[in-house]
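Data first, discussion second: the structure below is written as structure tokens.
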Amino acid sequence: MWPLYLLLNKILKAEEDEDSVEVQKSVEGHPSSVDDGCYKEALPRAQFIEVPHVNQLSSWDCGLACISMVLRTIGIKTCSVDTLADLCCTNSIWTVDLAYLLQKFSVKFSYYTVTLGANPGYSDEFYYKEQLPTDVVRVNKLFHEAIEAGISIQCRSINEEQISLLILSGKYVAIALVDQHKLSRSWLDGICASGLGDSESGYTGHYIVICGYDADKDEFEIRDPASSRKQEKVTSSCLGEARKSFGTDEDILLVTNQFCCAFLHFEYAWNRARSAIALQKNYILLITMAVLDTGV
């Protein structure tokens, strides 16, 4: 029979190894670490978050409708599009405006964009031409004051594979800025090909919620506030083209699904409690065996 201290050391070592695995998984699941993709094989093939559909009320408030959908998903169900419009104090909504709204409600999120501030290169774009001259100062001020407001903005691109991994983890939903013409064309034609149909319509900015992904079909599930349909599906390539269109800055807000995270924390705590009970039983068994072995 092994000495008692050796058996105890083996059990404690197993507990430490388990803790290190849990910490590693937690770190890899964070948006800032998604690049390594080390935990890809542990994810399900499909994941869909229940997000209630909210229609926009005007041509300009799609972003506010998306915020309302996200807030309802995490349990804040009383905030209407009209209420958000009053908080926003403008009808020229930029992604940074949406970030400040999420911050007002203490929602955890990550903000990614390839342009910090208002891009002066959009001044000739019909969609931006009317509002951009008056928006530049306001938008740049919001970016400048973001850090003081507790908003972290990362100047980098996020591709569709990275988004799919985060959605598959079940911990995130996303609000993305897309070119509405390119997105709607993918549904009308069933395919997403450059230069097909509506090519002369120009860029039209539009916000959607990304809340699901099917790896076998390579399709995302989205909520479109401009659509009467409660849910839509779009291929990864179509979403990528709509997101990376000139005018979007590839803006995306990755919002932590706090209900899901709370459940995962509870599940982890429950498993740890079960392990502690099992460990206590092992201690009792080992002490009993040691006593019997010494003949006491």
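To be explicit about the labels: the chains of the structure tokens are called A, B, and onward in the order shown, and within each one the residues are counted from 1, while ligands get numbers from 1 in the order they are shown.
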What's around Pro133 in chain A at 12 Å? Count only C-alpha atoms, leave out sequence neighbours fewer than 2 positions away in its own chain, and write the answer as a PDB file with C-alpha atoms, in the first residue's frame.
```
ATOM      1  CA  SER A  92     -27.505  60.293 -36.879  1.00  0.00           C
ATOM      2  CA  ALA A 118     -15.180  59.763 -38.387  1.00  0.00           C
ATOM      3  CA  ASN A 119     -13.530  58.841 -41.676  1.00  0.00           C
ATOM      4  CA  PRO A 120     -13.157  62.028 -43.790  1.00  0.00           C
ATOM      5  CA  GLY A 121     -12.896  59.789 -46.860  1.00  0.00           C
ATOM      6  CA  TYR A 122     -16.662  59.266 -46.689  1.00  0.00           C
ATOM      7  CA  SER A 123     -17.426  62.913 -47.482  1.00  0.00           C
ATOM      8  CA  ASP A 124     -18.166  62.076 -51.145  1.00  0.00           C
ATOM      9  CA  TYR A 128     -22.733  60.298 -45.444  1.00  0.00           C
ATOM     10  CA  LYS A 129     -22.664  63.559 -47.431  1.00  0.00           C
ATOM     11  CA  GLU A 130     -25.510  65.343 -45.649  1.00  0.00           C
ATOM     12  CA  GLN A 131     -24.630  64.484 -42.030  1.00  0.00           C
ATOM     13  CA  ASP A 135     -21.096  64.737 -37.250  1.00  0.00           C
ATOM     14  CA  VAL A 136     -17.287  64.890 -37.488  1.00  0.00           C
ATOM     15  CA  VAL A 137     -16.712  67.013 -34.373  1.00  0.00           C
ATOM     16  CA  ARG A 138     -19.300  65.151 -32.250  1.00  0.00           C
ATOM     17  CA  VAL A 139     -18.152  61.659 -33.279  1.00  0.00           C
ATOM     18  CA  ASN A 140     -14.447  62.419 -32.880  1.00  0.00           C
TER      19      ASN A 140
END
```
Please identify all polymer residues within 8 Å of range 226-239 of chain A, counting only C-alpha atoms, omitting same-chain residues fewer than 2 positions from it, and present them as a VMD selection string.
chain A and resid 52 to 53 55 to 56 62 160 178 182 to 183 186 to 187 191 to 192 217 to 224 241 to 243
Output the selection as an mmCIF file, in the first residue's frame - C-alpha atoms for each residue.
```cif
data_model
loop_
_atom_site.group_PDB
_atom_site.id
_atom_site.type_symbol
_atom_site.label_atom_id
_atom_site.label_comp_id
_atom_site.auth_asym_id
_atom_site.auth_seq_id
_atom_site.Cartn_x
_atom_site.Cartn_y
_atom_site.Cartn_z
ATOM 1 C CA PRO A 52 -36.268 38.642 -29.459
ATOM 2 C CA HIS A 53 -36.857 40.494 -32.730
ATOM 3 C CA ASN A 55 -38.425 46.317 -35.602
ATOM 4 C CA GLN A 56 -36.976 49.748 -36.185
ATOM 5 C CA CYS A 62 -31.904 50.365 -36.793
ATOM 6 C CA GLU A 160 -16.117 35.852 -39.973
ATOM 7 C CA VAL A 178 -23.310 46.265 -42.784
ATOM 8 C CA LYS A 182 -25.344 43.874 -50.207
ATOM 9 C CA LEU A 183 -27.016 42.040 -47.359
ATOM 10 C CA SER A 186 -27.857 37.935 -50.807
ATOM 11 C CA TRP A 187 -31.402 36.972 -49.745
ATOM 12 C CA ILE A 191 -26.113 34.013 -53.769
ATOM 13 C CA CYS A 192 -23.608 36.739 -52.990
ATOM 14 C CA LYS A 217 -23.940 25.131 -43.459
ATOM 15 C CA ASP A 218 -21.472 27.976 -42.784
ATOM 16 C CA GLU A 219 -24.450 30.216 -42.071
ATOM 17 C CA PHE A 220 -25.068 32.913 -39.482
ATOM 18 C CA GLU A 221 -28.446 33.560 -37.909
ATOM 19 C CA ILE A 222 -29.238 37.244 -37.630
ATOM 20 C CA ARG A 223 -31.965 39.620 -36.496
ATOM 21 C CA ASP A 224 -32.662 42.387 -38.994
ATOM 22 C CA GLU A 241 -18.970 41.168 -48.044
ATOM 23 C CA ALA A 242 -21.717 43.249 -46.398
ATOM 24 C CA ARG A 243 -19.581 43.938 -43.301
#
```
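The space separating CA of Tyr207 in chain A from CA of Leu71 in chain A comes to 15.1 Å.
Selecting strand (DSSP E) from the backbone DSSP output for range 204-256 of chain A yields Gly205, His206, Tyr207, Ile208, Val209, Ile210, Cys211, Gly212, Tyr213, Asp214, Glu219, Phe220, Glu221, Ile222, Arg223, Glu232, Lys233, Val234, Thr235, Ile252, Leu253, Leu254, Val255 and Thr256 of chain A.
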Which residues are close to range 77-90 of chain A, i.e. within 12 Å by only C-alpha atoms, leaving aside same-chain residues fewer than 2 positions away? Reply as a ChimeraX atom specification.
/A:51-52,54-58,60-75,92-105,131,134-135,138-139,225
Selection near Asp251 in chain A, 8 Å with only C-alpha atoms, sequence-local residues under 3 positions removed, as a PDB file with all heavy atoms, in the first residue's frame:
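Dumped to result.pdb:
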```pdb
ATOM      1  N   THR A  95     -21.716  53.854 -34.607  1.00  0.00           N
ATOM      2  CA  THR A  95     -21.457  52.719 -33.707  1.00  0.00           C
ATOM      3  C   THR A  95     -20.986  53.195 -32.342  1.00  0.00           C
ATOM      4  O   THR A  95     -21.327  52.600 -31.315  1.00  0.00           O
ATOM      5  CB  THR A  95     -20.418  51.771 -34.320  1.00  0.00           C
ATOM      6  OG1 THR A  95     -20.824  51.419 -35.649  1.00  0.00           O
ATOM      7  CG2 THR A  95     -20.277  50.497 -33.489  1.00  0.00           C
ATOM      8  N   TYR A 111     -15.520  46.540 -28.539  1.00  0.00           N
ATOM      9  CA  TYR A 111     -15.801  47.361 -29.721  1.00  0.00           C
ATOM     10  C   TYR A 111     -14.599  47.282 -30.653  1.00  0.00           C
ATOM     11  O   TYR A 111     -13.490  47.642 -30.272  1.00  0.00           O
ATOM     12  CB  TYR A 111     -16.063  48.795 -29.253  1.00  0.00           C
ATOM     13  CG  TYR A 111     -16.380  49.824 -30.319  1.00  0.00           C
ATOM     14  CD1 TYR A 111     -16.503  49.504 -31.677  1.00  0.00           C
ATOM     15  CD2 TYR A 111     -16.575  51.153 -29.962  1.00  0.00           C
ATOM     16  CE1 TYR A 111     -16.801  50.466 -32.625  1.00  0.00           C
ATOM     17  CE2 TYR A 111     -16.875  52.136 -30.903  1.00  0.00           C
ATOM     18  CZ  TYR A 111     -16.984  51.785 -32.230  1.00  0.00           C
ATOM     19  OH  TYR A 111     -17.275  52.739 -33.172  1.00  0.00           O
ATOM     20  N   TYR A 112     -14.835  46.804 -31.885  1.00  0.00           N
ATOM     21  CA  TYR A 112     -13.781  46.691 -32.887  1.00  0.00           C
ATOM     22  C   TYR A 112     -14.135  47.530 -34.108  1.00  0.00           C
ATOM     23  O   TYR A 112     -15.281  47.534 -34.568  1.00  0.00           O
ATOM     24  CB  TYR A 112     -13.592  45.228 -33.314  1.00  0.00           C
ATOM     25  CG  TYR A 112     -13.128  44.317 -32.200  1.00  0.00           C
ATOM     26  CD1 TYR A 112     -14.053  43.634 -31.412  1.00  0.00           C
ATOM     27  CD2 TYR A 112     -11.772  44.135 -31.934  1.00  0.00           C
ATOM     28  CE1 TYR A 112     -13.635  42.802 -30.380  1.00  0.00           C
ATOM     29  CE2 TYR A 112     -11.354  43.315 -30.910  1.00  0.00           C
ATOM     30  CZ  TYR A 112     -12.284  42.649 -30.133  1.00  0.00           C
ATOM     31  OH  TYR A 112     -11.863  41.838 -29.106  1.00  0.00           O
ATOM     32  N   THR A 113     -13.150  48.238 -34.637  1.00  0.00           N
ATOM     33  CA  THR A 113     -13.322  49.047 -35.833  1.00  0.00           C
ATOM     34  C   THR A 113     -11.958  49.228 -36.495  1.00  0.00           C
ATOM     35  O   THR A 113     -10.930  49.115 -35.833  1.00  0.00           O
ATOM     36  CB  THR A 113     -13.919  50.433 -35.492  1.00  0.00           C
ATOM     37  OG1 THR A 113     -14.071  51.195 -36.693  1.00  0.00           O
ATOM     38  CG2 THR A 113     -13.034  51.200 -34.522  1.00  0.00           C
ATOM     39  N   VAL A 114     -11.959  49.497 -37.801  1.00  0.00           N
ATOM     40  CA  VAL A 114     -10.689  49.734 -38.484  1.00  0.00           C
ATOM     41  C   VAL A 114     -10.392  51.227 -38.595  1.00  0.00           C
ATOM     42  O   VAL A 114      -9.347  51.615 -39.117  1.00  0.00           O
ATOM     43  CB  VAL A 114     -10.658  49.078 -39.885  1.00  0.00           C
ATOM     44  CG1 VAL A 114     -10.774  47.561 -39.767  1.00  0.00           C
ATOM     45  CG2 VAL A 114     -11.743  49.640 -40.783  1.00  0.00           C
ATOM     46  N   ALA A 176     -23.519  44.353 -35.671  1.00  0.00           N
ATOM     47  CA  ALA A 176     -22.592  44.639 -36.763  1.00  0.00           C
ATOM     48  C   ALA A 176     -23.173  45.680 -37.713  1.00  0.00           C
ATOM     49  O   ALA A 176     -24.376  45.698 -37.988  1.00  0.00           O
ATOM     50  CB  ALA A 176     -22.281  43.357 -37.533  1.00  0.00           C
ATOM     51  N   LEU A 177     -22.287  46.539 -38.214  1.00  0.00           N
ATOM     52  CA  LEU A 177     -22.665  47.501 -39.244  1.00  0.00           C
ATOM     53  C   LEU A 177     -22.411  46.869 -40.607  1.00  0.00           C
ATOM     54  O   LEU A 177     -21.312  46.363 -40.870  1.00  0.00           O
ATOM     55  CB  LEU A 177     -21.840  48.786 -39.096  1.00  0.00           C
ATOM     56  CG  LEU A 177     -22.084  49.893 -40.128  1.00  0.00           C
ATOM     57  CD1 LEU A 177     -23.542  50.352 -40.111  1.00  0.00           C
ATOM     58  CD2 LEU A 177     -21.146  51.074 -39.883  1.00  0.00           C
ATOM     59  N   ARG A 243     -20.277  43.300 -44.433  1.00  0.00           N
ATOM     60  CA  ARG A 243     -19.581  43.938 -43.301  1.00  0.00           C
ATOM     61  C   ARG A 243     -18.363  44.737 -43.757  1.00  0.00           C
ATOM     62  O   ARG A 243     -18.002  45.739 -43.131  1.00  0.00           O
ATOM     63  CB  ARG A 243     -19.112  42.876 -42.301  1.00  0.00           C
ATOM     64  CG  ARG A 243     -20.161  42.371 -41.325  1.00  0.00           C
ATOM     65  CD  ARG A 243     -19.519  41.515 -40.249  1.00  0.00           C
ATOM     66  NE  ARG A 243     -18.538  42.300 -39.512  1.00  0.00           N
ATOM     67  CZ  ARG A 243     -17.235  42.035 -39.470  1.00  0.00           C
ATOM     68  NH1 ARG A 243     -16.735  40.993 -40.114  1.00  0.00           N
ATOM     69  NH2 ARG A 243     -16.424  42.811 -38.780  1.00  0.00           N
ATOM     70  N   THR A 248     -18.477  50.928 -43.833  1.00  0.00           N
ATOM     71  CA  THR A 248     -18.801  50.273 -42.560  1.00  0.00           C
ATOM     72  C   THR A 248     -17.696  50.401 -41.517  1.00  0.00           C
ATOM     73  O   THR A 248     -17.962  50.263 -40.319  1.00  0.00           O
ATOM     74  CB  THR A 248     -19.072  48.768 -42.758  1.00  0.00           C
ATOM     75  OG1 THR A 248     -17.851  48.118 -43.146  1.00  0.00           O
ATOM     76  CG2 THR A 248     -20.151  48.527 -43.804  1.00  0.00           C
TER      77      THR A 248
END
```
Using the chain letters and numbers from this document, which residues of range 40-81 of chain A does DSSP assign to alpha helix (DSSP H), as a PyMOL selection string?
chain A and resi 62-73+81
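Using only C-alpha atoms, the smallest distance between any of A:Val107, A:Leu286, A:Leu292, A:Leu168 and Val255 in chain A comes from A:Val107.
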Across A:Leu166, A:Leu116, A:Val173, A:Ile158, the smallest distance to Leu142 in chain A, with only C-alpha atoms counted, is shown by A:Leu116
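Closest approach to Cys155 in chain A from the set A:Gly170, A:Tyr213, A:Gly205, A:Ile252 is made by A:Ile252, with distances taken over only C-alpha atoms.
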Need the shell around Gly202 in chain A: protein/DNA/RNA residues with any atom at most 10 Å away, counting only C-alpha atoms. Skip same-chain ones fewer than 4 positions apart. Format as a list in words?
Glu125, Phe126, Tyr127, Asp179, Gln180, His181, Lys182, Asp198 and Phe246 of chain A
Just the selected residues (N, CA and C atoms), exported as an mmCIF file, in the first residue's frame, please.
```cif
data_model
loop_
_atom_site.group_PDB
_atom_site.id
_atom_site.type_symbol
_atom_site.label_atom_id
_atom_site.label_comp_id
_atom_site.auth_asym_id
_atom_site.auth_seq_id
_atom_site.Cartn_x
_atom_site.Cartn_y
_atom_site.Cartn_z
ATOM 1 N N GLU A 125 -19.366 60.150 -50.235
ATOM 2 C CA GLU A 125 -20.344 59.063 -50.257
ATOM 3 C C GLU A 125 -21.734 59.648 -49.990
ATOM 4 N N PHE A 126 -22.683 59.376 -50.882
ATOM 5 C CA PHE A 126 -24.011 59.974 -50.779
ATOM 6 C C PHE A 126 -24.648 59.739 -49.409
ATOM 7 N N TYR A 127 -24.469 58.526 -48.866
ATOM 8 C CA TYR A 127 -25.083 58.173 -47.587
ATOM 9 C C TYR A 127 -24.606 59.087 -46.461
ATOM 10 N N ASP A 179 -23.535 46.876 -45.099
ATOM 11 C CA ASP A 179 -24.143 47.556 -46.236
ATOM 12 C C ASP A 179 -25.479 46.864 -46.508
ATOM 13 N N GLN A 180 -26.561 47.574 -46.282
ATOM 14 C CA GLN A 180 -27.889 46.964 -46.391
ATOM 15 C C GLN A 180 -28.170 46.417 -47.783
ATOM 16 N N HIS A 181 -27.698 47.103 -48.816
ATOM 17 C CA HIS A 181 -27.947 46.644 -50.181
ATOM 18 C C HIS A 181 -27.288 45.290 -50.433
ATOM 19 N N LYS A 182 -26.054 45.133 -49.980
ATOM 20 C CA LYS A 182 -25.344 43.874 -50.207
ATOM 21 C C LYS A 182 -25.947 42.744 -49.386
ATOM 22 N N ASP A 198 -28.622 45.789 -58.059
ATOM 23 C CA ASP A 198 -28.484 46.967 -57.224
ATOM 24 C C ASP A 198 -27.082 47.531 -57.052
ATOM 25 N N PHE A 246 -17.173 49.371 -48.273
ATOM 26 C CA PHE A 246 -16.688 50.725 -48.013
ATOM 27 C C PHE A 246 -17.788 51.532 -47.331
#
```
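Relative to CA of Ile175 in chain A, CA of Ser110 in chain A is found at 10.5 Å.
You will find CA of Tyr203 in chain A at 24.9 Å from CA of Gln162 in chain A.
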